[in-house]
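Everything below concerns the one structure shown next.
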Amino acid sequence: MNGDRPLVAVLDYGIGNLRSAQKALERVGADARLTADPGLIADAAGVVLPGVGHFGTCMEQLRSTGLEQPAFDVIESGRPFLGICVGMQMLFEASEEAPGVPGMGVMPGTVRLLPDGIVRPQMQWNRLDVRRPSCPLLAGLTDGAWMYFVHSYAPDTDDSFVAATCDYPTPVTAVTERGRLWATQFHPEKSGDAGKRLAQNFLAAVRAEGCHR
Amino acid sequence: MKTVRVIPCLDVDDGRVVKGVSFVGLRDAGDPVELAAAYDRQGADEIVFLDITASAHDRDTIIELARHTAEEVFIPFTIGGGIRSVDDARALLRAGADKVSVNSAAVARPELVREIAGEFGTQCVVVSVDAKSNGAGADGSTTWNVYVKGGREDTGIDALDWVRQVTELGAGEILLTSMDADGTKAGFDLELTRTVVDAVEIPVVASGGVGTLQHLVDGALIANADAVLAASIFHFGEHTVADAKRALLDAGVAVRPPAA
């Protein structure tokens, strides 16, 4: 593997805009590939699961393209893994958006609709309230970084996995961490310089992984 | 916390910015990607490109614009104009656009909204609504109709009925332009905007008529818009997006602060 530009697989399971996630990783120095090739995913030092749209559609697509098992394998191996937006939600057990459609279940909890009485989707920039400053993904971002959110649902999980929240108008899960399985409800690839920093942090974890392999 | 977005809008014809942009420090002020990147640096929260290319065969040009923008600009961007099918939407989203905006094609066939939302999610479907006042009715309250063809053709559809219908069909956002205010530089139609904001649960972007920074403040504070869109005040270098953010902050509107 090329240590300078580590291979990061961006899972391409046939949904909307995946290109932005790939570009964001490329610009911080990754050899980022949009791929549905299990072999390439197995070789990758890190994996990104993007996601936009409907939870049920995304889960069905992930399964029909045969990419759920390769994703499980990466998570199981402890290699750095980043879920983005619906890609975060897919890591959980279920979602109120698609009752009866199981999520991947690698994170405990259910994805729930944001409360009534607020504008849904939350489609705006919002500040992170960092709960776990030691989270490597949030290095340099602990002072109220602004990130771009587009979502109507968010994970309801154990506080011990919540690395950051945002206020809308109650705390909404924004970043989760379980070992090196990370996820963001916001779009780092659309969050300007703050998102770039987060991508750099993820890549730093990927590079550290490359040294261990 | 609700934060109001500030969105510069660029009209694009055959891949070039129109409406005489005079912007300092750009190599090519007609290059939409370069202009979008400049707005990104000023602190723009999103960018909207409106493709006004007359010829229908030029989809490739606008798809290429989406591709280049996704390589250079790392904030969300929307492309509107000429999107008539799920395939049109797919090409733009796959090229890197975050949202597509539909207008007259949705009026002609509202199911288009449901189809795009069903395929790619509601978050990427903006319904652009051009509304014009019918004046006050017998009961004294104002109504607005939906117009197409740049405000020349009255569809006879009530604007409030329309925004509710497209919300049901899966719109993720309304881009609301007042045909009465557009081009006047006299400010948003605040009554129209407020009425639409109150009628739907999804975000509403106020558009049309901005001539001063106070107009942006009014759109946020009086009309309660979720985002404010403007073109010429930014293009002619009268004000930067950072100026707009500071004016909003000074007025007590929560926004993502401009870069220091």
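By order of appearance in the structure tokens: chains A, B, ..., then residues from 1 within every chain, and ligands from 1 in the order shown.
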Next on the checklist: Can you tell me which residues surround region 63-68 of chain A at a distance of at most 10 Å, considering only C-alpha atoms, apart from same-chain residues fewer than 6 positions away, and format the answer as a ChimeraX atom specification?
Outcome noted: /A:11-14,35-38,41,57,104
For the residues in the current selection, export all heavy atoms as a PDB file, in the first residue's frame.
ATOM      1  N   LEU A  11     -17.953   3.505  -0.189  1.00  0.00           N
ATOM      2  CA  LEU A  11     -18.857   2.457  -0.682  1.00  0.00           C
ATOM      3  C   LEU A  11     -19.885   3.037  -1.654  1.00  0.00           C
ATOM      4  O   LEU A  11     -20.654   3.936  -1.321  1.00  0.00           O
ATOM      5  CB  LEU A  11     -19.554   1.765   0.488  1.00  0.00           C
ATOM      6  CG  LEU A  11     -18.623   1.122   1.518  1.00  0.00           C
ATOM      7  CD1 LEU A  11     -19.426   0.272   2.506  1.00  0.00           C
ATOM      8  CD2 LEU A  11     -17.541   0.273   0.854  1.00  0.00           C
ATOM      9  N   ASP A  12     -19.875   2.507  -2.860  1.00  0.00           N
ATOM     10  CA  ASP A  12     -20.773   2.966  -3.928  1.00  0.00           C
ATOM     11  C   ASP A  12     -21.888   1.953  -4.103  1.00  0.00           C
ATOM     12  O   ASP A  12     -21.730   0.947  -4.781  1.00  0.00           O
ATOM     13  CB  ASP A  12     -19.985   3.121  -5.235  1.00  0.00           C
ATOM     14  CG  ASP A  12     -20.862   3.685  -6.350  1.00  0.00           C
ATOM     15  OD1 ASP A  12     -22.060   3.941  -6.113  1.00  0.00           O
ATOM     16  OD2 ASP A  12     -20.335   3.862  -7.464  1.00  0.00           O
ATOM     17  N   TYR A  13     -23.015   2.236  -3.446  1.00  0.00           N
ATOM     18  CA  TYR A  13     -24.129   1.292  -3.549  1.00  0.00           C
ATOM     19  C   TYR A  13     -25.308   1.902  -4.299  1.00  0.00           C
ATOM     20  O   TYR A  13     -26.460   1.521  -4.101  1.00  0.00           O
ATOM     21  CB  TYR A  13     -24.520   0.761  -2.169  1.00  0.00           C
ATOM     22  CG  TYR A  13     -24.823   1.801  -1.121  1.00  0.00           C
ATOM     23  CD1 TYR A  13     -26.138   2.039  -0.713  1.00  0.00           C
ATOM     24  CD2 TYR A  13     -23.817   2.550  -0.533  1.00  0.00           C
ATOM     25  CE1 TYR A  13     -26.432   2.996   0.244  1.00  0.00           C
ATOM     26  CE2 TYR A  13     -24.100   3.516   0.428  1.00  0.00           C
ATOM     27  CZ  TYR A  13     -25.410   3.720   0.808  1.00  0.00           C
ATOM     28  OH  TYR A  13     -25.698   4.672   1.749  1.00  0.00           O
ATOM     29  N   GLY A  14     -24.969   2.861  -5.188  1.00  0.00           N
ATOM     30  CA  GLY A  14     -25.953   3.307  -6.172  1.00  0.00           C
ATOM     31  C   GLY A  14     -26.921   4.373  -5.710  1.00  0.00           C
ATOM     32  O   GLY A  14     -28.001   4.524  -6.274  1.00  0.00           O
ATOM     33  N   THR A  35     -16.272   2.722  -4.817  1.00  0.00           N
ATOM     34  CA  THR A  35     -16.168   1.331  -5.241  1.00  0.00           C
ATOM     35  C   THR A  35     -17.278   0.447  -4.694  1.00  0.00           C
ATOM     36  O   THR A  35     -17.814   0.692  -3.614  1.00  0.00           O
ATOM     37  CB  THR A  35     -14.807   0.736  -4.825  1.00  0.00           C
ATOM     38  OG1 THR A  35     -14.714  -0.600  -5.314  1.00  0.00           O
ATOM     39  CG2 THR A  35     -14.656   0.715  -3.308  1.00  0.00           C
ATOM     40  N   ALA A  36     -17.590  -0.584  -5.475  1.00  0.00           N
ATOM     41  CA  ALA A  36     -18.501  -1.641  -5.029  1.00  0.00           C
ATOM     42  C   ALA A  36     -17.776  -2.988  -5.085  1.00  0.00           C
ATOM     43  O   ALA A  36     -18.408  -4.042  -5.083  1.00  0.00           O
ATOM     44  CB  ALA A  36     -19.748  -1.663  -5.906  1.00  0.00           C
ATOM     45  N   ASP A  37     -16.447  -2.935  -5.149  1.00  0.00           N
ATOM     46  CA  ASP A  37     -15.642  -4.149  -5.305  1.00  0.00           C
ATOM     47  C   ASP A  37     -15.206  -4.669  -3.925  1.00  0.00           C
ATOM     48  O   ASP A  37     -14.392  -4.029  -3.247  1.00  0.00           O
ATOM     49  CB  ASP A  37     -14.416  -3.800  -6.165  1.00  0.00           C
ATOM     50  CG  ASP A  37     -13.423  -4.947  -6.262  1.00  0.00           C
ATOM     51  OD1 ASP A  37     -13.717  -6.044  -5.730  1.00  0.00           O
ATOM     52  OD2 ASP A  37     -12.342  -4.729  -6.837  1.00  0.00           O
ATOM     53  N   PRO A  38     -15.745  -5.818  -3.511  1.00  0.00           N
ATOM     54  CA  PRO A  38     -15.399  -6.335  -2.172  1.00  0.00           C
ATOM     55  C   PRO A  38     -13.899  -6.527  -1.979  1.00  0.00           C
ATOM     56  O   PRO A  38     -13.393  -6.346  -0.866  1.00  0.00           O
ATOM     57  CB  PRO A  38     -16.130  -7.681  -2.115  1.00  0.00           C
ATOM     58  CG  PRO A  38     -17.231  -7.567  -3.110  1.00  0.00           C
ATOM     59  CD  PRO A  38     -16.702  -6.685  -4.204  1.00  0.00           C
ATOM     60  N   ILE A  41     -12.414  -3.199  -1.162  1.00  0.00           N
ATOM     61  CA  ILE A  41     -12.842  -2.808   0.193  1.00  0.00           C
ATOM     62  C   ILE A  41     -12.011  -3.568   1.233  1.00  0.00           C
ATOM     63  O   ILE A  41     -11.578  -2.999   2.234  1.00  0.00           O
ATOM     64  CB  ILE A  41     -14.359  -3.068   0.364  1.00  0.00           C
ATOM     65  CG1 ILE A  41     -15.154  -2.170  -0.587  1.00  0.00           C
ATOM     66  CG2 ILE A  41     -14.795  -2.846   1.817  1.00  0.00           C
ATOM     67  CD1 ILE A  41     -16.597  -2.596  -0.798  1.00  0.00           C
ATOM     68  N   THR A  57     -34.501   2.713   1.695  1.00  0.00           N
ATOM     69  CA  THR A  57     -33.915   2.585   0.357  1.00  0.00           C
ATOM     70  C   THR A  57     -32.419   2.316   0.447  1.00  0.00           C
ATOM     71  O   THR A  57     -31.881   1.451  -0.257  1.00  0.00           O
ATOM     72  CB  THR A  57     -34.149   3.883  -0.448  1.00  0.00           C
ATOM     73  OG1 THR A  57     -35.526   4.227  -0.358  1.00  0.00           O
ATOM     74  CG2 THR A  57     -33.755   3.715  -1.893  1.00  0.00           C
ATOM     75  N   MET A 104     -27.847  -2.058  10.181  1.00  0.00           N
ATOM     76  CA  MET A 104     -26.716  -2.971  10.316  1.00  0.00           C
ATOM     77  C   MET A 104     -26.564  -3.447  11.754  1.00  0.00           C
ATOM     78  O   MET A 104     -26.008  -4.530  11.993  1.00  0.00           O
ATOM     79  CB  MET A 104     -25.433  -2.275   9.848  1.00  0.00           C
ATOM     80  CG  MET A 104     -25.424  -1.991   8.349  1.00  0.00           C
ATOM     81  SD  MET A 104     -23.957  -1.022   7.847  1.00  0.00           S
ATOM     82  CE  MET A 104     -22.660  -2.249   8.108  1.00  0.00           C
TER      83      MET A 104
END
Next on the checklist: If you run DSSP on the backbone here, which positions in region 58-194 of chain A get helix (DSSP H, G or I)? Please write them as a ChimeraX atom specification.
Outcome noted: /A:58-64,68-77,86-89,136-138,159-161,188-190,192-194
Next on the checklist: With only C-alpha atoms as the counted atoms, please give the residues lying no more than 12 Å from Pro110 (chain B), apart from itself and same-chain residues fewer than 4 positions off, as a PyMOL selection string.
Outcome noted: chain B and resi 84-85+102-106+114-117+127+162-171
Which residues come within 8 Å of Ala244 (chain B), counting only C-alpha atoms, excluding same-chain residues fewer than 6 positions away, as an mmCIF file with N, CA, C and O atoms, in the first residue's frame?
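The resulting file, part_27.cif, is reproduced below:
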data_model
loop_
_atom_site.group_PDB
_atom_site.id
_atom_site.type_symbol
_atom_site.label_atom_id
_atom_site.label_comp_id
_atom_site.auth_asym_id
_atom_site.auth_seq_id
_atom_site.Cartn_x
_atom_site.Cartn_y
_atom_site.Cartn_z
ATOM 1 N N VAL B 6 -27.249 32.165 4.290
ATOM 2 C CA VAL B 6 -27.112 33.219 3.287
ATOM 3 C C VAL B 6 -26.619 32.568 1.993
ATOM 4 O O VAL B 6 -25.584 31.899 1.980
ATOM 5 N N LEU B 213 -28.522 45.266 2.818
ATOM 6 C CA LEU B 213 -28.320 44.242 3.843
ATOM 7 C C LEU B 213 -29.516 44.185 4.793
ATOM 8 O O LEU B 213 -29.862 43.137 5.317
ATOM 9 N N LEU B 216 -32.061 41.648 3.932
ATOM 10 C CA LEU B 216 -31.775 40.274 4.376
ATOM 11 C C LEU B 216 -32.213 40.095 5.824
ATOM 12 O O LEU B 216 -32.801 39.065 6.192
#
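CA of Ile63 (chain B) lies 21.9 Å from CA of Ala32 (chain A).
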Checklist outcome for this item: Using only C-alpha atoms, the residue out of B:Ala186, B:Val86, B:Arg5, B:Phe49 with shortest distance to Glu111 (chain B) is B:Val86
Next on the checklist: Only residues of chain A matter here; which ones have an atom within 9 Å of chain B, counting only C-alpha atoms? Give them as a VMD selection string.
Outcome noted: chain A and resid 15 to 20 23 to 24 27 52 to 54 57 117 to 127 146 148 150 to 152 166 to 170 188 to 193 195 to 196
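Residues surrounding Gly100 (chain A) within 12 Å are A:Phe55, A:Gly56, A:Met59, A:Glu60, A:Glu93, A:Ala94, A:Ser95, A:Glu96, A:Glu97, A:Gly103, A:Thr110 [only C-alpha atoms; sequence separation below 3 positions excluded].
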Applying 7 Å and only C-alpha atoms, which residues near Arg180 (chain A) remain after dropping the ones on its own chain fewer than 3 positions away? List them as a PDB file with all heavy atoms, in the first residue's frame.
ATOM      1  N   GLY A  78     -11.709  -3.794  12.939  1.00  0.00           N
ATOM      2  CA  GLY A  78     -11.240  -2.638  13.702  1.00  0.00           C
ATOM      3  C   GLY A  78     -10.577  -1.566  12.867  1.00  0.00           C
ATOM      4  O   GLY A  78     -10.027  -0.604  13.398  1.00  0.00           O
ATOM      5  N   ARG A  79     -10.646  -1.705  11.538  1.00  0.00           N
ATOM      6  CA  ARG A  79     -10.097  -0.640  10.695  1.00  0.00           C
ATOM      7  C   ARG A  79     -10.987   0.596  10.768  1.00  0.00           C
ATOM      8  O   ARG A  79     -12.205   0.473  10.974  1.00  0.00           O
ATOM      9  CB  ARG A  79      -9.997  -1.119   9.242  1.00  0.00           C
ATOM     10  CG  ARG A  79      -8.709  -1.887   8.963  1.00  0.00           C
ATOM     11  CD  ARG A  79      -8.709  -2.441   7.559  1.00  0.00           C
ATOM     12  NE  ARG A  79      -9.592  -3.601   7.467  1.00  0.00           N
ATOM     13  CZ  ARG A  79     -10.112  -4.054   6.332  1.00  0.00           C
ATOM     14  NH1 ARG A  79      -9.845  -3.445   5.200  1.00  0.00           N
ATOM     15  NH2 ARG A  79     -10.878  -5.112   6.327  1.00  0.00           N
ATOM     16  N   PRO A  80     -10.421   1.791  10.577  1.00  0.00           N
ATOM     17  CA  PRO A  80     -11.221   3.010  10.670  1.00  0.00           C
ATOM     18  C   PRO A  80     -12.389   2.997   9.680  1.00  0.00           C
ATOM     19  O   PRO A  80     -12.210   2.683   8.495  1.00  0.00           O
ATOM     20  CB  PRO A  80     -10.224   4.114  10.329  1.00  0.00           C
ATOM     21  CG  PRO A  80      -8.899   3.552  10.712  1.00  0.00           C
ATOM     22  CD  PRO A  80      -8.986   2.088  10.383  1.00  0.00           C
ATOM     23  N   PHE A  81     -13.551   3.336  10.177  1.00  0.00           N
ATOM     24  CA  PHE A  81     -14.780   3.300   9.387  1.00  0.00           C
ATOM     25  C   PHE A  81     -15.564   4.553   9.739  1.00  0.00           C
ATOM     26  O   PHE A  81     -15.700   4.909  10.909  1.00  0.00           O
ATOM     27  CB  PHE A  81     -15.582   2.051   9.760  1.00  0.00           C
ATOM     28  CG  PHE A  81     -16.752   1.751   8.851  1.00  0.00           C
ATOM     29  CD1 PHE A  81     -16.660   0.759   7.888  1.00  0.00           C
ATOM     30  CD2 PHE A  81     -17.952   2.446   8.991  1.00  0.00           C
ATOM     31  CE1 PHE A  81     -17.752   0.470   7.056  1.00  0.00           C
ATOM     32  CE2 PHE A  81     -19.036   2.157   8.155  1.00  0.00           C
ATOM     33  CZ  PHE A  81     -18.931   1.166   7.188  1.00  0.00           C
ATOM     34  N   GLU A 177     -18.978   7.473  18.420  1.00  0.00           N
ATOM     35  CA  GLU A 177     -17.676   6.803  18.412  1.00  0.00           C
ATOM     36  C   GLU A 177     -17.802   5.488  19.152  1.00  0.00           C
ATOM     37  O   GLU A 177     -18.300   5.439  20.285  1.00  0.00           O
ATOM     38  CB  GLU A 177     -16.631   7.686  19.103  1.00  0.00           C
ATOM     39  CG  GLU A 177     -15.253   7.044  19.170  1.00  0.00           C
ATOM     40  CD  GLU A 177     -14.216   7.935  19.841  1.00  0.00           C
ATOM     41  OE1 GLU A 177     -14.538   8.572  20.866  1.00  0.00           O
ATOM     42  OE2 GLU A 177     -13.090   7.997  19.331  1.00  0.00           O
TER      43      GLU A 177
END
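All residues of region 81-116 of chain A that DSSP, run on the backbone, classes as strand (DSSP E) are Phe81, Leu82, Gly83, Ile84, Ala94, Ser95, Thr110, Val111, Arg112 and Leu113 of chain A.
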Keeping only N, CA and C atoms, take the residues you just selected and write them out as a PDB file, in the first residue's frame.
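The file below, selection04.pdb, is the result:
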ATOM      1  N   PHE A  81     -13.551   3.336  10.177  1.00  0.00           N
ATOM      2  CA  PHE A  81     -14.780   3.300   9.387  1.00  0.00           C
ATOM      3  C   PHE A  81     -15.564   4.553   9.739  1.00  0.00           C
ATOM      4  N   LEU A  82     -16.063   5.243   8.714  1.00  0.00           N
ATOM      5  CA  LEU A  82     -16.805   6.490   8.951  1.00  0.00           C
ATOM      6  C   LEU A  82     -18.146   6.440   8.221  1.00  0.00           C
ATOM      7  N   GLY A  83     -19.235   6.527   8.965  1.00  0.00           N
ATOM      8  CA  GLY A  83     -20.569   6.640   8.373  1.00  0.00           C
ATOM      9  C   GLY A  83     -20.976   8.101   8.330  1.00  0.00           C
ATOM     10  N   ILE A  84     -21.560   8.518   7.217  1.00  0.00           N
ATOM     11  CA  ILE A  84     -21.954   9.919   7.063  1.00  0.00           C
ATOM     12  C   ILE A  84     -23.451  10.017   6.809  1.00  0.00           C
ATOM     13  N   ALA A  94     -32.295   0.125  13.921  1.00  0.00           N
ATOM     14  CA  ALA A  94     -33.544   0.348  13.194  1.00  0.00           C
ATOM     15  C   ALA A  94     -33.755   1.851  13.052  1.00  0.00           C
ATOM     16  N   SER A  95     -34.755   2.213  12.211  1.00  0.00           N
ATOM     17  CA  SER A  95     -35.100   3.623  12.057  1.00  0.00           C
ATOM     18  C   SER A  95     -36.607   3.778  11.977  1.00  0.00           C
ATOM     19  N   THR A 110     -31.904   3.204  18.181  1.00  0.00           N
ATOM     20  CA  THR A 110     -32.845   3.393  17.079  1.00  0.00           C
ATOM     21  C   THR A 110     -32.736   4.822  16.568  1.00  0.00           C
ATOM     22  N   VAL A 111     -32.940   4.975  15.267  1.00  0.00           N
ATOM     23  CA  VAL A 111     -32.934   6.305  14.651  1.00  0.00           C
ATOM     24  C   VAL A 111     -34.359   6.856  14.721  1.00  0.00           C
ATOM     25  N   ARG A 112     -34.506   8.059  15.318  1.00  0.00           N
ATOM     26  CA  ARG A 112     -35.848   8.595  15.557  1.00  0.00           C
ATOM     27  C   ARG A 112     -36.071   9.922  14.821  1.00  0.00           C
ATOM     28  N   LEU A 113     -37.369  10.158  14.494  1.00  0.00           N
ATOM     29  CA  LEU A 113     -37.760  11.421  13.862  1.00  0.00           C
ATOM     30  C   LEU A 113     -37.484  12.577  14.816  1.00  0.00           C
TER      31      LEU A 113
END
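The smallest atom-to-atom distance between Gly144 (chain A) and any of A:Ala194, A:Leu91, A:Cys85, A:Ala44, using only C-alpha atoms, is found for A:Ala194.
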Please list as a short mmCIF file (atom, residue, chain, number, x, y, z; two decimals) with all heavy atoms, in the first residue's frame every residue within 12 Å of Ala30 (chain A), counting only C-alpha atoms and excluding residues in the same chain fewer than 6 positions away.
data_model
loop_
_atom_site.label_atom_id
_atom_site.label_comp_id
_atom_site.auth_asym_id
_atom_site.auth_seq_id
_atom_site.Cartn_x
_atom_site.Cartn_y
_atom_site.Cartn_z
N MET A 1 0.84 -1.20 0.00
CA MET A 1 0.00 0.00 0.00
C MET A 1 0.87 1.24 0.00
O MET A 1 1.99 1.23 0.51
CB MET A 1 -0.95 -0.02 1.19
CG MET A 1 -0.39 0.68 2.43
SD MET A 1 -1.43 0.47 3.85
CE MET A 1 -2.98 1.00 3.25
N ASN A 2 0.33 2.28 -0.55
CA ASN A 2 1.03 3.55 -0.60
C ASN A 2 0.76 4.33 0.69
O ASN A 2 -0.32 4.80 0.92
CB ASN A 2 0.54 4.34 -1.83
CG ASN A 2 1.27 5.66 -1.98
OD1 ASN A 2 1.88 6.16 -1.02
ND2 ASN A 2 1.21 6.22 -3.16
N GLY A 3 1.76 4.44 1.55
CA GLY A 3 1.58 5.09 2.85
C GLY A 3 1.28 6.56 2.75
O GLY A 3 0.63 7.13 3.62
N ASP A 4 1.74 7.20 1.66
CA ASP A 4 1.49 8.63 1.52
C ASP A 4 0.03 8.90 1.21
O ASP A 4 -0.54 9.86 1.72
CB ASP A 4 2.35 9.20 0.39
CG ASP A 4 3.81 9.32 0.82
OD1 ASP A 4 4.05 9.20 2.03
OD2 ASP A 4 4.66 9.49 -0.05
N ARG A 5 -0.52 8.09 0.33
CA ARG A 5 -1.93 8.27 -0.04
C ARG A 5 -2.66 6.98 0.26
O ARG A 5 -2.87 6.15 -0.64
CB ARG A 5 -2.04 8.64 -1.52
CG ARG A 5 -1.46 9.99 -1.87
CD ARG A 5 -1.73 10.36 -3.32
NE ARG A 5 -3.12 10.70 -3.54
CZ ARG A 5 -3.65 11.90 -3.30
NH1 ARG A 5 -2.91 12.86 -2.81
NH2 ARG A 5 -4.91 12.14 -3.53
N PRO A 6 -3.06 6.78 1.51
CA PRO A 6 -3.69 5.51 1.87
C PRO A 6 -5.01 5.30 1.13
O PRO A 6 -5.74 6.25 0.85
CB PRO A 6 -3.91 5.63 3.38
CG PRO A 6 -3.81 7.06 3.70
CD PRO A 6 -2.95 7.70 2.65
N LEU A 7 -5.27 4.03 0.86
CA LEU A 7 -6.48 3.66 0.13
C LEU A 7 -7.70 3.74 1.06
O LEU A 7 -7.75 3.07 2.08
CB LEU A 7 -6.33 2.23 -0.41
CG LEU A 7 -7.53 1.64 -1.14
CD1 LEU A 7 -7.88 2.46 -2.38
CD2 LEU A 7 -7.27 0.19 -1.52
N VAL A 8 -8.63 4.58 0.67
CA VAL A 8 -9.90 4.69 1.40
C VAL A 8 -11.02 4.31 0.44
O VAL A 8 -11.16 4.90 -0.63
CB VAL A 8 -10.12 6.11 1.96
CG1 VAL A 8 -11.50 6.22 2.62
CG2 VAL A 8 -9.04 6.47 2.97
N ALA A 9 -11.79 3.32 0.81
CA ALA A 9 -12.91 2.88 -0.03
C ALA A 9 -14.17 3.64 0.38
O ALA A 9 -14.57 3.61 1.55
CB ALA A 9 -13.12 1.38 0.13
N VAL A 10 -14.76 4.33 -0.59
CA VAL A 10 -16.05 4.99 -0.37
C VAL A 10 -17.10 4.08 -1.00
O VAL A 10 -17.08 3.86 -2.22
CB VAL A 10 -16.08 6.39 -1.02
CG1 VAL A 10 -17.43 7.06 -0.80
CG2 VAL A 10 -14.95 7.26 -0.46
N ALA A 21 -18.08 13.07 -1.16
CA ALA A 21 -17.34 12.42 -0.09
C ALA A 21 -15.97 11.97 -0.60
O ALA A 21 -14.95 12.14 0.07
CB ALA A 21 -18.13 11.23 0.45
N GLN A 22 -15.97 11.43 -1.80
CA GLN A 22 -14.70 11.00 -2.39
C GLN A 22 -13.76 12.18 -2.59
O GLN A 22 -12.58 12.12 -2.24
CB GLN A 22 -14.99 10.31 -3.74
CG GLN A 22 -13.73 9.82 -4.43
CD GLN A 22 -13.94 9.67 -5.93
OE1 GLN A 22 -14.95 10.10 -6.49
NE2 GLN A 22 -12.98 9.06 -6.59
N LYS A 23 -14.30 13.28 -3.13
CA LYS A 23 -13.47 14.47 -3.39
C LYS A 23 -12.90 15.03 -2.09
O LYS A 23 -11.74 15.47 -2.04
CB LYS A 23 -14.33 15.55 -4.07
CG LYS A 23 -14.60 15.27 -5.52
CD LYS A 23 -13.37 15.56 -6.34
CE LYS A 23 -13.37 14.67 -7.57
NZ LYS A 23 -12.03 14.51 -8.13
N ALA A 24 -13.71 15.04 -1.04
CA ALA A 24 -13.27 15.61 0.24
C ALA A 24 -12.10 14.81 0.80
O ALA A 24 -11.18 15.39 1.39
CB ALA A 24 -14.43 15.63 1.22
N ALA A 44 -8.67 -1.94 1.62
CA ALA A 44 -8.62 -0.54 2.02
C ALA A 44 -8.18 -0.40 3.47
O ALA A 44 -8.49 -1.23 4.32
CB ALA A 44 -10.00 0.11 1.84
N ALA A 45 -7.43 0.70 3.72
CA ALA A 45 -7.00 0.97 5.10
C ALA A 45 -8.12 1.62 5.90
O ALA A 45 -8.10 1.62 7.12
CB ALA A 45 -5.77 1.87 5.07
N GLY A 46 -9.08 2.22 5.19
CA GLY A 46 -10.23 2.83 5.85
C GLY A 46 -11.41 2.82 4.91
O GLY A 46 -11.25 2.73 3.69
N VAL A 47 -12.60 2.90 5.48
CA VAL A 47 -13.81 2.81 4.67
C VAL A 47 -14.79 3.91 5.08
O VAL A 47 -14.91 4.23 6.27
CB VAL A 47 -14.48 1.42 4.81
CG1 VAL A 47 -15.87 1.41 4.20
CG2 VAL A 47 -13.61 0.36 4.17
N VAL A 48 -15.44 4.48 4.06
CA VAL A 48 -16.46 5.50 4.32
C VAL A 48 -17.79 5.00 3.75
O VAL A 48 -17.85 4.53 2.61
CB VAL A 48 -16.08 6.85 3.67
CG1 VAL A 48 -17.23 7.85 3.81
CG2 VAL A 48 -14.82 7.41 4.32
N ALA A 199 -12.06 15.45 8.01
CA ALA A 199 -11.56 14.48 7.03
C ALA A 199 -10.08 14.20 7.26
O ALA A 199 -9.62 13.06 7.15
CB ALA A 199 -11.81 14.99 5.61
N GLN A 200 -9.33 15.26 7.59
CA GLN A 200 -7.90 15.07 7.90
C GLN A 200 -7.73 14.18 9.13
O GLN A 200 -6.85 13.32 9.16
CB GLN A 200 -7.23 16.43 8.16
CG GLN A 200 -6.99 17.24 6.89
CD GLN A 200 -6.60 18.68 7.18
OE1 GLN A 200 -6.98 19.25 8.21
NE2 GLN A 200 -5.85 19.27 6.26
N ASN A 201 -8.57 14.40 10.13
CA ASN A 201 -8.50 13.59 11.34
C ASN A 201 -8.79 12.12 11.04
O ASN A 201 -8.13 11.23 11.56
CB ASN A 201 -9.48 14.10 12.40
CG ASN A 201 -9.08 15.46 12.96
OD1 ASN A 201 -7.93 15.88 12.85
ND2 ASN A 201 -10.04 16.15 13.56
N PHE A 202 -9.80 11.90 10.19
CA PHE A 202 -10.11 10.52 9.82
C PHE A 202 -8.92 9.90 9.08
O PHE A 202 -8.52 8.76 9.34
CB PHE A 202 -11.38 10.46 8.96
CG PHE A 202 -11.74 9.07 8.53
CD1 PHE A 202 -12.19 8.13 9.45
CD2 PHE A 202 -11.62 8.68 7.20
CE1 PHE A 202 -12.52 6.84 9.06
CE2 PHE A 202 -11.95 7.39 6.80
CZ PHE A 202 -12.40 6.47 7.73
N LEU A 203 -8.35 10.68 8.18
CA LEU A 203 -7.23 10.16 7.40
C LEU A 203 -6.02 9.87 8.30
O LEU A 203 -5.29 8.90 8.06
CB LEU A 203 -6.86 11.14 6.28
CG LEU A 203 -5.99 10.53 5.19
CD1 LEU A 203 -6.73 9.42 4.46
CD2 LEU A 203 -5.53 11.60 4.21
N ALA A 204 -5.83 10.70 9.32
CA ALA A 204 -4.73 10.44 10.27
C ALA A 204 -4.94 9.08 10.94
O ALA A 204 -3.98 8.32 11.12
CB ALA A 204 -4.66 11.56 11.31
N ALA A 205 -6.18 8.77 11.29
CA ALA A 205 -6.47 7.46 11.89
C ALA A 205 -6.22 6.34 10.89
O ALA A 205 -5.72 5.27 11.24
CB ALA A 205 -7.91 7.44 12.39
N VAL A 206 -6.56 6.61 9.62
CA VAL A 206 -6.34 5.61 8.57
C VAL A 206 -4.84 5.38 8.38
O VAL A 206 -4.39 4.24 8.24
CB VAL A 206 -6.99 6.07 7.25
CG1 VAL A 206 -6.59 5.14 6.10
CG2 VAL A 206 -8.50 6.14 7.40
N ARG A 207 -4.07 6.46 8.39
CA ARG A 207 -2.62 6.34 8.22
C ARG A 207 -2.02 5.53 9.37
O ARG A 207 -1.14 4.69 9.16
CB ARG A 207 -1.96 7.72 8.18
CG ARG A 207 -2.17 8.45 6.88
CD ARG A 207 -1.04 9.44 6.63
NE ARG A 207 -1.11 9.94 5.28
CZ ARG A 207 -1.73 11.06 4.93
NH1 ARG A 207 -2.31 11.81 5.86
NH2 ARG A 207 -1.78 11.44 3.67
#
Checklist entry - Do you have the CA of Ala29 (chain B)-CA of Thr61 (chain B) distance handy? => result 17.8 Å
Item to check | Which of B:Asp218, B:Ser128, B:His235, B:Ala251 sits closest to Asp11 (chain B) [using only C-alpha atoms] | outcome: B:His235
